[in-house]
Each structure stands twice: as structure tokens, then as C-alpha cells.
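Q: One structure, pasted below without further comment.
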Protein chains: 2
Amino acid sequence: MGITTKEIAKLAGVSRGTVDRVLNNRGQVSAEVKARILKIVEDFKYKKNVLASRLAINEPVKIAVVLPDPNNDVFWQAPLEGITKVQSSMTDYGMSLELNLFNLFDSKSYVFAFQQAISSRPSAILLAPIFLKETLSLIQMAEQNGIPIVCINSEIDSKDVLSFIGQDSLQSGIIAGKLFHLNSSVNNQIVAITQGHDAKNAIHIKKKLDGLKQYNFENQCDFEIVDIQVKDFFNPGILQKEVDLLLSNPSNLRGIFFTNSRAYNMINQTDLADRLLNSATIIGYDLLDQNVELLKQQKIDFLLHQKPELQGYQSVLSLFNHFIHKKTIDQKQYLPIDIVVKENVDSYLQERDRMLEMML
Amino acid sequence: MGITTKEIAKLAGVSRGTVDRVLNNRGQVSAEVKARILKIVEDFKYKKNVLASRLAINEPVKIAVVLPDPNNDVFWQAPLEGITKVQSSMTDYGMSLELNLFNLFDSKSYVFAFQQAISSRPSAILLAPIFLKETLSLIQMAEQNGIPIVCINSEIDSKDVLSFIGQDSLQSGIIAGKLFHLNSSVNNQIVAITQGHDAKNAIHIKKKLDGLKQYNFENQCDFEIVDIQVKDFFNPGILQKEVDLLLSNPSNLRGIFFTNSRAYNMINQTDLADRLLNSATIIGYDLLDQNVELLKQQKIDFLLHQKPELQGYQSVLSLFNHFIHKKTIDQKQYLPIDIVVKENVDSYLQERDRMLEMML
DNA sequence: ATTTTTACTGTGCACGTGCACGGCAAATTT
DNA sequence: AAATTTGCCGTGCACGTGCACAGTAAAAAT
């Protein structure tokens, strides 16, 4: 295969130890010998054997994972699966994960989980920065302890973040606008439905709305975009009341934009779909089982896929490249914005399942 | 991290060699000792360290790659990049690639490349089965030599194929139908443009057409679907003549479906786009530079992305899992059918570039 | 002139697994 | 009873790299 340090040593007429010092910049080598060795390295395109290297180092890299508990919100099961599935292969390379789950609806538990993570002195923290305010100071704390942070799903503008892995939310809103635009109905009212809780904390949700408005503006669509904030997505009564309000006036409705992954809640717990009868375009997020079911029933027209498993996988892989392969990793890793319809949803589901199996 | 064979040996009161014989089913171990060892393996959930294992085996796995030369058709550059980029990481694991490129338009060179591949006695062959007739007997020949085959891009129905990695072409045609359907124009003529050369050999192109027709039928769209076979996609004169023919009669044109990746050829070398002025939906395949440019100029409305780099990457990864990790791999690995529009094309391009960097 | 420092370079063990070889009793054959 | 075979087990080297330690000259200091 490739040339080894031993062979380099023989060619250079020195011992392997000397070659090793040159390769790892550990000094203590005369200029001429160093040059001679580097020449050989160049000529024979020496690449270090990562297997042997990791085997020799044998010092574990611990990653602290700070994510919402999937028991509070199914969405977070996917990233977690992506992360844990890849774990088994990583242990060979000396990477281990430590989970610190928190309650999505309790900022206290968020802070606690984060502090717990820091105090375990990990090599890095893998974070879903749900609570905006609390996050910034916590990130600084990690920074002071020299612990790099990788964020997934929600984008945080901080230079102390090693990398963000997730979707470009603005662009995703723009796509939503485009999809509403494809429908050549004369109606021009678009209702964007947000969860009250999100509106406060999650900037990425706000960006989705901005994107929608931006598309509207740039393409002179003349859509009338109505923001609706629903306090409790799990309360059927409240949801039904919102639906009644929505459909009360003579219908000018062109589409509904669910900004989070809980479209299924409103559609399944109200008579929304029955009363609309495909007269409006419905767009939601994420391939949760219930959303997929509604997509196949044509009660949802488009799902925007955020590839949450891939977010988990890719974040771990990035840290792997950073720590093991010493590669530089991109500060922003925007995942593709997949447009999922009834006809291609199965292909995405298959990909997801296979990905979780194949992961190296 | 995990328990090692040495530790198992100590716990079982035997030497590491004995543990090794049990783990690798090499016999020569008394039943009681074997049971004792397996018990410990169970209890401590022993997992072999793949790094050390590969390092010790040190026997290369050679993969022969039989693909069209990208110089004949740009499309094939992408799979090749996916394959070669991952190569560097694979060498550590003892996998090496041997390229056998052939001329896309010359079946002789295809047969030659394949035979060349077989005679190099590789562990497996990675194949783009372009020429249908020739392929079947060649596959049998490989089978007789005990060389497994993985196919990409074009699906071959043969049980002698270890795995197919590519798109579900039928489903992809269905998606095209859906996209034409979104446009609520009254026009109902859809023109499918195929390259004469493809029509003869490539079953996956035929399947795309079948998919389009199937959508039309199942959703009672009443589209009039017209097949056009263009002999030479690289001859501007012929292309222009086809366009003139196409736009001669009073326009009932709803959309144009380019079944291969060469939409850019007809659009750039004729006045098609100027005369249509967005009155018809244009669908093409693949994110070639020129196609992307046309998408951004709104001269193409949708591109169906086949993720060719991923095809290359995933096929090598599958072989990796098969040979190194001894995993079973799926016989059909359908990639997702990505719907690419002006607004999300950049996200796909970014993903592509990043993928080629990140590959483990 | 002897010791100490400096500037290098070589040696050897470790990481975990694969595998060839050798050893050593007990069972079997001559 | 001696020789051979069989079944079972341990030892030791290899893979390629990291790293601690020892070693060896020449240069500098005493």
C-alpha cells in the first residue's frame, strides 16, 4: 500500500524514531536529515496510517452530548439515533459519548445539563442550543474551560462555536414561499403557525418566517402573510379554536405553513383537513411518522426534511475529523433542504434507515 | 473502552491464543473452555477492535472499478470523484481501487475494460452496466470467477449482482409527472426527450418514461405524452430542427422532460428557452454546472438530483462494510430522489462539496 | 584535561488482533 | 513398552505508529 515510516527510515539511512520526530514536528533533528526525510515523504507521498496511529495513542476522546430528551418531543429521537448509532464504530477510534439530556420545556434543566457536561471535562460538547438567553453565557463558560462546542439544529451566532450543523432556516422559509407560489390559485393569504414557546427562544423558527416574507417580497407575490402563535400544540381545544378562527372569514386561504414539526398535532386533532379539502397548500417540517402518514393521505402537501439523523451523524463525524484526523471543519455546515412529497417520501425513509445501518 | 482479548484470556484463565481460536472459530479448543470464554464475551460485550484487526491482517482488498471515462460524458466525473476521494481513507483499511475506464459510446471498450478488470483478479467489481446485452454474459463470467459485482446508476435485474446503488428510475419518472401536475396550466402535452443511444441500451431511461406515464394514468391527468428520440445531442443543427418541430403547432405544451443529464445541450444550443418564455415546465436531471446555471436563470424549472458522487461513495462504502466489517449489504440501495429548484440548489452543491471533504 | 552541556539519534515497549509454530500431556498404534 | 498421533494450549512475531528513555558524539564550560 503506502510507504511506512520504517521504509522511510531505511531510505534515509536513519532510524524510525528520527523519522517520527520529523513527522510530528518534535524537533531534535538536524536540518539536513530533516530535509532528506521530508523529500522522501514528498516523493513517496507518505500518509500516516490512521489505524495504527489511533491504536498507538490509545487515549480516549470524550464528547458530551447536550440534547433535549426525546421523551418530551419525538423530533429529538432522530438526532440521538444518528449519534448513538455511529458511536459503536467510533469506540475503536477512542471516541466515547456521554449523554446529558434535558427537558425541552425547562430552561433550568437545560442549564443543569450543560453544566454537568462541562464538569465532566469532555474534549468537546455537542449541543442543541434551545434556550437562547441562557446559551450565550454557557458557551462562554465552555470557552473559558477550553472546551469547543458544536451546535446542531439551531444556529447561534457566536465565534466561540466550532461549527454549526443544520439547516439554513431562512432559505428553508424561502423554499416554502416558492412552494406556495407553485400553486396558481388566486387566493393570497398564507397563514404561518408557530408555537408560542418557540417564538420566544428559537431564532431558527423566526428565520423561517423571514424567509417566507423575503420570497414574497422578492417575487412580488403579494401574499398576505398572517402569523399565528398557538400557545399549546398539545391541547385539542385550543387547536380547534384556532382552526375555527382561521376558517371563519370567506376563504382567501392559499396555504398554511407549520414552522415546526408538529403539523400532525393540529391536523389530527381538529377538523382542519376535512374543511379545507385540498383547497390550500399545507407545508410542514420533518418526516415524523404521523407527518408522513398525513403526507401520504394528501392532508399535507409538502414536508421540508431537515435530516435530523444526519445532523447527529455529521456532528459526530465532524468532531471525529477534528480530533482524529486533525482536519479543519467548516464553521457552517448547512444541510440540503429536501422537498418531500407523497411520491418521494419513501425514498427518504429508506435512505434514513440505511444510513443508520451503514454508518461506518 | 471495551474489553480486549487479553483481558478475556486473563478472566478465563487461559492464554490469548486460545481466546483467539474461539473468537475466530478455528477449533482446537475444549468445549468447557470455549463455553467459559463465550460467557465472558457475552457478559462484557466484547467487540473486536477493527483497527487492530485490519492492521494485523494486512492483506489488501482490491476493487476493480469499471466506469465510463468522464472525458466522454461529464456526468461520470461525479461518481468517480466520490470513489477516488474516499480511496485515501480506505487504504488504511487495506482497500485499494483499480480504475478501468471505458468509452461510453463504444461497447467494445466496455467489454475490454470489464475483461481487464476480471483478469486483474480483484476482490470485487464496481460497475456501471451501460451496455445491457453485453453485461449479462460478463456478469456471469465474473460470477464463475467468484468475483462479486456492485452496480451503480443503471439497475440490472440479476441475482448475481451483490448490490445495486442508484435511483429508482420508475419513481423518479413518477416525480416528474407530479411536478408537471403542479403546474395548473390547461395545456396537456408533455414532451419527453431521450437520446437515441440511451433508448436502446439504458433500461433506467425507459423506466423514467414508464414512471411518467404511470403517474399520468393513476392520477387521471390526461396528459398527452410524446416521446422524442434525438440521435445526436451534441449536434446543434439536429437539436434546432427538433425544437422547430416541437414548437410548430399551436402550443399545447405543458412541459418538457429531459430523461438524461444533457438538458443543457438543447437549451444552450437552440432558441428553445427564448421561444418558450416559461410557458412550459422544464425538468432535467443532475446538477451539472451548465444545468445549474440554467436552473438559476429559470430556463430549467426542476432538476432531479441523482447524487452521483454519493453513488460512488456509497458503493465503495458498501464494499467496505462487506469485506472489512463483514456486514450484509442491501441488494437494492435506492437513493433519495431530490427535487432541486433554484431556491435550494445551493444547499445541494454545498453538501456535495462538503461530502467530498468529510468522507472518512 | 576533565566534566558538563548540547544536539542529535537509536532502541524498545505499547496499542489489540491474526496467525504460525512449538510444546506437552493423554490417547492410540506398532 | 516404545513410538506415534491427537487434542489442546501457550508463545512469539507481525502490522504501523507514538513516545519514553538511553545512548553518543561534539561543543562548551569548568
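Following the order of the C-alpha cells, chains are lettered A, B, ..., residues in each are numbered from 1, and ligands are numbered from 1.
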Check every residue of chain B for an atom within 8 Å of chain C, counting only C-alpha atoms (C1' of nucleotides), and provide those that qualify as a PDB file with N, CA and C atoms, in the first residue's frame.

A:
```pdb
ATOM      1  N   THR B   4     -10.670  -6.388  26.002  1.00  0.00           N
ATOM      2  CA  THR B   4      -9.789  -6.929  24.960  1.00  0.00           C
ATOM      3  C   THR B   4      -9.627  -8.438  25.113  1.00  0.00           C
ATOM      4  N   THR B   5      -9.059  -9.032  24.097  1.00  0.00           N
ATOM      5  CA  THR B   5      -8.870 -10.485  24.158  1.00  0.00           C
ATOM      6  C   THR B   5      -7.899 -10.852  25.277  1.00  0.00           C
ATOM      7  N   ASN B  49     -11.703  -4.977  17.954  1.00  0.00           N
ATOM      8  CA  ASN B  49     -11.188  -3.687  17.508  1.00  0.00           C
ATOM      9  C   ASN B  49     -10.817  -3.783  16.029  1.00  0.00           C
ATOM     10  N   ALA B  52      -7.219  -2.665  14.961  1.00  0.00           N
ATOM     11  CA  ALA B  52      -6.157  -3.630  15.228  1.00  0.00           C
ATOM     12  C   ALA B  52      -6.290  -4.840  14.316  1.00  0.00           C
ATOM     13  N   SER B  53      -7.526  -5.214  14.073  1.00  0.00           N
ATOM     14  CA  SER B  53      -7.765  -6.377  13.235  1.00  0.00           C
ATOM     15  C   SER B  53      -7.228  -6.154  11.827  1.00  0.00           C
ATOM     16  N   LEU B  55      -5.127  -3.974  10.898  1.00  0.00           N
ATOM     17  CA  LEU B  55      -3.686  -3.757  10.961  1.00  0.00           C
ATOM     18  C   LEU B  55      -2.971  -5.110  10.944  1.00  0.00           C
ATOM     19  N   ALA B  56      -3.545  -6.037  11.656  1.00  0.00           N
ATOM     20  CA  ALA B  56      -2.906  -7.352  11.756  1.00  0.00           C
ATOM     21  C   ALA B  56      -3.064  -8.150  10.455  1.00  0.00           C
ATOM     22  N   ILE B  57      -4.238  -8.098   9.882  1.00  0.00           N
ATOM     23  CA  ILE B  57      -4.477  -8.874   8.673  1.00  0.00           C
ATOM     24  C   ILE B  57      -3.554  -8.416   7.549  1.00  0.00           C
TER      25      ILE B  57
END
```

Q: Can you check which residues of segment 110-183 of chain A DSSP gives as strand (DSSP E or B) on the backbone and send them as a list in words?

A: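 Selecting the strand (DSSP E or B) positions of segment 110-183 of chain A gives Ala124, Ile125, Leu126, Leu127, Ile149, Val150, Cys151, Ile152, Val161, Leu162, Ser163, Phe164, Ile165, Gly166 and Gln167 of chain A.
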
Q: Let's have the selection written as a PDB file, in the first residue's frame, with N, CA and C atoms.

A:
```
ATOM      1  N   ALA A 124     -15.054  17.855  23.878  1.00  0.00           N
ATOM      2  CA  ALA A 124     -15.923  18.774  23.148  1.00  0.00           C
ATOM      3  C   ALA A 124     -17.361  18.567  23.604  1.00  0.00           C
ATOM      4  N   ILE A 125     -18.203  19.552  23.291  1.00  0.00           N
ATOM      5  CA  ILE A 125     -19.621  19.442  23.630  1.00  0.00           C
ATOM      6  C   ILE A 125     -20.443  19.526  22.353  1.00  0.00           C
ATOM      7  N   LEU A 126     -21.371  18.617  22.244  1.00  0.00           N
ATOM      8  CA  LEU A 126     -22.305  18.594  21.122  1.00  0.00           C
ATOM      9  C   LEU A 126     -23.640  19.103  21.637  1.00  0.00           C
ATOM     10  N   LEU A 127     -24.073  20.249  21.111  1.00  0.00           N
ATOM     11  CA  LEU A 127     -25.152  20.989  21.780  1.00  0.00           C
ATOM     12  C   LEU A 127     -26.302  21.344  20.852  1.00  0.00           C
ATOM     13  N   ILE A 149     -17.287  23.760  21.109  1.00  0.00           N
ATOM     14  CA  ILE A 149     -18.703  23.410  21.044  1.00  0.00           C
ATOM     15  C   ILE A 149     -19.160  23.282  19.600  1.00  0.00           C
ATOM     16  N   VAL A 150     -19.932  22.250  19.355  1.00  0.00           N
ATOM     17  CA  VAL A 150     -20.573  22.084  18.057  1.00  0.00           C
ATOM     18  C   VAL A 150     -22.078  22.147  18.262  1.00  0.00           C
ATOM     19  N   CYS A 151     -22.741  23.007  17.495  1.00  0.00           N
ATOM     20  CA  CYS A 151     -24.186  23.167  17.656  1.00  0.00           C
ATOM     21  C   CYS A 151     -24.932  22.471  16.524  1.00  0.00           C
ATOM     22  N   ILE A 152     -26.070  21.890  16.870  1.00  0.00           N
ATOM     23  CA  ILE A 152     -26.910  21.345  15.813  1.00  0.00           C
ATOM     24  C   ILE A 152     -28.303  21.942  15.899  1.00  0.00           C
ATOM     25  N   VAL A 161     -18.295  29.159  18.704  1.00  0.00           N
ATOM     26  CA  VAL A 161     -18.840  27.873  18.285  1.00  0.00           C
ATOM     27  C   VAL A 161     -17.974  27.301  17.164  1.00  0.00           C
ATOM     28  N   LEU A 162     -17.476  26.112  17.386  1.00  0.00           N
ATOM     29  CA  LEU A 162     -16.576  25.478  16.415  1.00  0.00           C
ATOM     30  C   LEU A 162     -17.273  25.245  15.087  1.00  0.00           C
ATOM     31  N   SER A 163     -18.524  24.770  15.163  1.00  0.00           N
ATOM     32  CA  SER A 163     -19.242  24.504  13.936  1.00  0.00           C
ATOM     33  C   SER A 163     -20.744  24.404  14.200  1.00  0.00           C
ATOM     34  N   PHE A 164     -21.508  24.826  13.222  1.00  0.00           N
ATOM     35  CA  PHE A 164     -22.954  24.620  13.284  1.00  0.00           C
ATOM     36  C   PHE A 164     -23.350  23.630  12.210  1.00  0.00           C
ATOM     37  N   ILE A 165     -24.159  22.661  12.602  1.00  0.00           N
ATOM     38  CA  ILE A 165     -24.642  21.684  11.635  1.00  0.00           C
ATOM     39  C   ILE A 165     -26.162  21.693  11.647  1.00  0.00           C
ATOM     40  N   GLY A 166     -26.750  22.100  10.548  1.00  0.00           N
ATOM     41  CA  GLY A 166     -28.205  22.146  10.496  1.00  0.00           C
ATOM     42  C   GLY A 166     -28.656  22.814   9.219  1.00  0.00           C
ATOM     43  N   GLN A 167     -29.883  23.247   9.247  1.00  0.00           N
ATOM     44  CA  GLN A 167     -30.432  23.804   8.034  1.00  0.00           C
ATOM     45  C   GLN A 167     -30.302  25.324   8.025  1.00  0.00           C
TER      46      GLN A 167
END
```

Q: Which chain D residues have any atom within 6 Å of an atom of chain A, and for each, what is the nearest pair of atoms with distance in Å to one decimal, counting only C-alpha atoms (C1' of nucleotides), rows sorted by chain and number, as JSON lines?

A:
```
{"residue": "D:DG16", "atom": "C1'", "partner": "A:Ala52", "partner_atom": "CA", "distance": 5.1}
{"residue": "D:DT17", "atom": "C1'", "partner": "A:Ser53", "partner_atom": "CA", "distance": 4.8}
{"residue": "D:DG18", "atom": "C1'", "partner": "A:Ala56", "partner_atom": "CA", "distance": 5.6}
```

Q: Give me a file of those residues, with N, CA and C atoms (P, O5', C5', C4', C3', O3' and C1' of nucleotides), as a PDB file, in the first residue's frame.

A:
```
ATOM      1  P    DG D  16       3.132  -2.318   7.757  1.00  0.00           P
ATOM      2  O5'  DG D  16       2.894  -1.004   8.623  1.00  0.00           O
ATOM      3  C5'  DG D  16       1.656  -0.333   8.498  1.00  0.00           C
ATOM      4  C4'  DG D  16       1.565   0.744   9.556  1.00  0.00           C
ATOM      5  C3'  DG D  16       2.725   1.736   9.534  1.00  0.00           C
ATOM      6  O3'  DG D  16       2.189   3.040   9.544  1.00  0.00           O
ATOM      7  C1'  DG D  16       2.435   0.836  11.712  1.00  0.00           C
ATOM      8  P    DT D  17       3.143   4.341   9.609  1.00  0.00           P
ATOM      9  O5'  DT D  17       2.917   4.755  11.120  1.00  0.00           O
ATOM     10  C5'  DT D  17       1.621   5.148  11.523  1.00  0.00           C
ATOM     11  C4'  DT D  17       1.563   5.327  13.017  1.00  0.00           C
ATOM     12  C3'  DT D  17       2.429   6.470  13.563  1.00  0.00           C
ATOM     13  O3'  DT D  17       1.561   7.408  14.165  1.00  0.00           O
ATOM     14  C1'  DT D  17       2.682   4.478  14.853  1.00  0.00           C
ATOM     15  P    DG D  18       2.177   8.762  14.760  1.00  0.00           P
ATOM     16  O5'  DG D  18       2.365   8.413  16.306  1.00  0.00           O
ATOM     17  C5'  DG D  18       1.221   8.305  17.116  1.00  0.00           C
ATOM     18  C4'  DG D  18       1.619   8.135  18.579  1.00  0.00           C
ATOM     19  C3'  DG D  18       2.538   9.240  19.121  1.00  0.00           C
ATOM     20  O3'  DG D  18       2.121   9.523  20.443  1.00  0.00           O
ATOM     21  C1'  DG D  18       3.583   7.146  19.405  1.00  0.00           C
TER      22       DG D  18
END
```

Q: Find the residues around segment 255-265 of chain A up to 8 Å (only C-alpha atoms (C1' of nucleotides) counted), leave out those fewer than 3 positions away in its own chain, and share them as a PDB file with N, CA and C atoms, in the first residue's frame.

A:
```
ATOM      1  N   PHE A  75     -39.231  14.623  17.953  1.00  0.00           N
ATOM      2  CA  PHE A  75     -38.280  15.091  16.948  1.00  0.00           C
ATOM      3  C   PHE A  75     -36.845  14.764  17.335  1.00  0.00           C
ATOM      4  N   ALA A 176     -40.348  27.441   1.191  1.00  0.00           N
ATOM      5  CA  ALA A 176     -41.785  27.369   1.493  1.00  0.00           C
ATOM      6  C   ALA A 176     -42.545  28.367   0.622  1.00  0.00           C
ATOM      7  N   PHE A 180     -45.537  27.562  -2.097  1.00  0.00           N
ATOM      8  CA  PHE A 180     -46.857  28.195  -2.102  1.00  0.00           C
ATOM      9  C   PHE A 180     -47.121  28.843  -3.458  1.00  0.00           C
ATOM     10  N   GLN A 189     -53.790  34.464   0.828  1.00  0.00           N
ATOM     11  CA  GLN A 189     -53.488  34.503   2.258  1.00  0.00           C
ATOM     12  C   GLN A 189     -52.694  33.266   2.678  1.00  0.00           C
ATOM     13  N   ILE A 190     -51.571  33.518   3.327  1.00  0.00           N
ATOM     14  CA  ILE A 190     -50.772  32.412   3.853  1.00  0.00           C
ATOM     15  C   ILE A 190     -50.684  32.540   5.362  1.00  0.00           C
ATOM     16  N   VAL A 191     -51.064  31.490   6.035  1.00  0.00           N
ATOM     17  CA  VAL A 191     -51.050  31.508   7.491  1.00  0.00           C
ATOM     18  C   VAL A 191     -49.843  30.730   7.997  1.00  0.00           C
ATOM     19  N   ALA A 192     -49.027  31.389   8.766  1.00  0.00           N
ATOM     20  CA  ALA A 192     -47.873  30.723   9.358  1.00  0.00           C
ATOM     21  C   ALA A 192     -48.171  30.436  10.819  1.00  0.00           C
ATOM     22  N   ILE A 193     -48.071  29.182  11.177  1.00  0.00           N
ATOM     23  CA  ILE A 193     -48.433  28.783  12.534  1.00  0.00           C
ATOM     24  C   ILE A 193     -47.196  28.410  13.333  1.00  0.00           C
ATOM     25  N   THR A 194     -47.020  29.103  14.423  1.00  0.00           N
ATOM     26  CA  THR A 194     -45.846  28.934  15.256  1.00  0.00           C
ATOM     27  C   THR A 194     -46.278  28.559  16.663  1.00  0.00           C
ATOM     28  N   GLN A 195     -45.409  27.847  17.352  1.00  0.00           N
ATOM     29  CA  GLN A 195     -45.705  27.552  18.749  1.00  0.00           C
ATOM     30  C   GLN A 195     -45.188  28.695  19.603  1.00  0.00           C
ATOM     31  N   ILE A 205     -36.725  29.425  14.039  1.00  0.00           N
ATOM     32  CA  ILE A 205     -38.136  29.474  13.656  1.00  0.00           C
ATOM     33  C   ILE A 205     -38.464  30.852  13.078  1.00  0.00           C
ATOM     34  N   LYS A 208     -37.313  31.213   9.564  1.00  0.00           N
ATOM     35  CA  LYS A 208     -38.170  30.580   8.564  1.00  0.00           C
ATOM     36  C   LYS A 208     -39.234  31.570   8.097  1.00  0.00           C
ATOM     37  N   LEU A 209     -39.815  32.277   9.041  1.00  0.00           N
ATOM     38  CA  LEU A 209     -40.821  33.277   8.690  1.00  0.00           C
ATOM     39  C   LEU A 209     -40.211  34.391   7.844  1.00  0.00           C
ATOM     40  N   PHE A 233     -49.649  23.328  21.626  1.00  0.00           N
ATOM     41  CA  PHE A 233     -49.901  22.462  20.476  1.00  0.00           C
ATOM     42  C   PHE A 233     -50.481  21.114  20.883  1.00  0.00           C
ATOM     43  N   PHE A 234     -50.515  20.850  22.153  1.00  0.00           N
ATOM     44  CA  PHE A 234     -50.980  19.526  22.581  1.00  0.00           C
ATOM     45  C   PHE A 234     -52.398  19.572  23.128  1.00  0.00           C
ATOM     46  N   ASN A 268     -54.420  16.278  13.058  1.00  0.00           N
ATOM     47  CA  ASN A 268     -55.067  15.084  13.594  1.00  0.00           C
ATOM     48  C   ASN A 268     -56.100  15.393  14.669  1.00  0.00           C
ATOM     49  N   GLN A 269     -55.958  16.527  15.327  1.00  0.00           N
ATOM     50  CA  GLN A 269     -56.836  16.792  16.464  1.00  0.00           C
ATOM     51  C   GLN A 269     -57.922  17.824  16.164  1.00  0.00           C
ATOM     52  N   ALA A 280     -56.098  24.381  -0.009  1.00  0.00           N
ATOM     53  CA  ALA A 280     -54.911  25.160   0.358  1.00  0.00           C
ATOM     54  C   ALA A 280     -53.700  24.248   0.411  1.00  0.00           C
ATOM     55  N   THR A 281     -52.531  24.829   0.171  1.00  0.00           N
ATOM     56  CA  THR A 281     -51.286  24.070   0.244  1.00  0.00           C
ATOM     57  C   THR A 281     -50.797  24.026   1.685  1.00  0.00           C
ATOM     58  N   ILE A 282     -50.531  22.849   2.163  1.00  0.00           N
ATOM     59  CA  ILE A 282     -50.076  22.713   3.548  1.00  0.00           C
ATOM     60  C   ILE A 282     -48.632  22.233   3.580  1.00  0.00           C
ATOM     61  N   ILE A 283     -47.828  23.013   4.274  1.00  0.00           N
ATOM     62  CA  ILE A 283     -46.398  22.709   4.358  1.00  0.00           C
ATOM     63  C   ILE A 283     -45.996  22.517   5.808  1.00  0.00           C
ATOM     64  N   GLY A 284     -45.283  21.459   6.066  1.00  0.00           N
ATOM     65  CA  GLY A 284     -44.799  21.216   7.413  1.00  0.00           C
ATOM     66  C   GLY A 284     -43.337  20.810   7.398  1.00  0.00           C
ATOM     67  N   TYR A 285     -42.835  20.433   8.563  1.00  0.00           N
ATOM     68  CA  TYR A 285     -41.434  20.047   8.670  1.00  0.00           C
ATOM     69  C   TYR A 285     -41.275  18.632   9.215  1.00  0.00           C
ATOM     70  N   ASP A 286     -40.307  17.951   8.694  1.00  0.00           N
ATOM     71  CA  ASP A 286     -39.784  16.710   9.272  1.00  0.00           C
ATOM     72  C   ASP A 286     -40.630  15.471   9.022  1.00  0.00           C
ATOM     73  N   LEU A 288     -41.601  12.903  10.673  1.00  0.00           N
ATOM     74  CA  LEU A 288     -42.124  12.121  11.790  1.00  0.00           C
ATOM     75  C   LEU A 288     -43.206  11.184  11.256  1.00  0.00           C
ATOM     76  N   GLN A 290     -46.162  10.421  12.029  1.00  0.00           N
ATOM     77  CA  GLN A 290     -47.504  10.965  11.862  1.00  0.00           C
ATOM     78  C   GLN A 290     -47.560  11.965  10.706  1.00  0.00           C
ATOM     79  N   ASN A 291     -46.497  12.721  10.531  1.00  0.00           N
ATOM     80  CA  ASN A 291     -46.460  13.646   9.398  1.00  0.00           C
ATOM     81  C   ASN A 291     -46.427  12.891   8.071  1.00  0.00           C
ATOM     82  N   LEU A 294     -49.796  11.618   7.133  1.00  0.00           N
ATOM     83  CA  LEU A 294     -50.664  12.679   6.607  1.00  0.00           C
ATOM     84  C   LEU A 294     -50.248  13.088   5.196  1.00  0.00           C
TER      85      LEU A 294
END
```

Q: Please, which residues in chain A fall within 7 Å of chain B when counting only C-alpha atoms, and what is the closest atom pair and distance in Å to one decimal for each, ordered by chain then residue number, as a tab-separated table?

A:
```
residue	atom	partner	partner_atom	distance
A:Met1	CA	B:Thr91	CA	6.9
A:Asn49	CA	B:Asp92	CA	5.5
A:Val50	CA	B:Asp92	CA	6.5
A:Leu51	CA	B:Leu51	CA	5.1
A:Ala52	CA	B:Leu55	CA	6.9
A:Leu55	CA	B:Ala52	CA	6.9
A:Thr91	CA	B:Met1	CA	7.0
A:Asp92	CA	B:Asn49	CA	5.6
A:Ile175	CA	B:Glu343	CA	6.0
A:Leu182	CA	B:Leu182	CA	6.8
A:Asn183	CA	B:Leu182	CA	6.7
A:Ser184	CA	B:Ser184	CA	6.4
A:Tyr334	CA	B:Ser347	CA	6.8
A:Leu335	CA	B:Glu351	CA	6.3
A:Pro336	CA	B:Ser347	CA	4.6
A:Ile337	CA	B:Asn344	CA	6.2
A:Asp338	CA	B:Asp338	CA	6.5
A:Ile339	CA	B:Ile339	CA	6.1
A:Glu343	CA	B:Ile175	CA	6.0
A:Asn344	CA	B:Ile337	CA	6.2
A:Ser347	CA	B:Pro336	CA	4.6
A:Tyr348	CA	B:Pro336	CA	5.2
A:Glu351	CA	B:Leu335	CA	6.3
```

Q: I want to know what sits within 12 Å of Asn201 of chain A, based on only C-alpha atoms (C1' of nucleotides), with residues of the same chain fewer than 2 positions away left out; could you give that as number ranges by chain?

A: A: 104-107, 129-135, 154-156, 194-199, 203-207

Q: Would you list, as a VMD selection string, the residues of segment 115-322 of chain A that end up in helix (DSSP H, G or I) under DSSP run on this structure's backbone?

A: chain A and resid 115 to 119 132 to 144 169 to 182 196 to 201 203 to 218 236 to 246 263 to 269 272 to 276 289 to 296 308 to 322

Q: One decimal, Å: what's the distance from atom CA of Gln220 of chain B over to atom CA of His181 of chain B, could you say?

A: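 Between atom CA of Gln220 of chain B and atom CA of His181 of chain B the gap works out to 10.5 Å.
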
Q: Atom CA of Ala273 of chain A and atom CA of Asp232 of chain A are how many Å apart?

A: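 So the two atoms, atom CA of Ala273 of chain A and atom CA of Asp232 of chain A, lie 19.4 Å apart.
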
Q: Would you mind telling me which residue in B:Gln28, B:Asn235, B:Gln116, B:Asn71 lies nearest to DC9 of chain D when using only C-alpha atoms (C1' of nucleotides)?

A: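 Going through B:Gln28, B:Asn235, B:Gln116, B:Asn71 one by one, the smallest distance to DC9 of chain D is for B:Gln28.
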
Q: Need to verify the contact set: Ser30 of chain A, 12 Å, only C-alpha atoms (C1' of nucleotides), exclusion of same-chain residues closer than 3 positions in sequence. Can you return it as a list in words?

A: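 Answer for this query is Val14, Thr18, Val19, Arg21, Val22, Arg26, Gly27, Val33, Lys34, Ala35, Arg36 and Ile37 of chain A; DA7, DC8 and DT9 of chain C.
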
Q: Between atom CA of Asp274 of chain B and atom CA of Glu218 of chain A, what is the distance in Å, rounded to a tenth?

A: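 Atom CA of Glu218 of chain A lies at a distance of 23.0 Å from atom CA of Asp274 of chain B.
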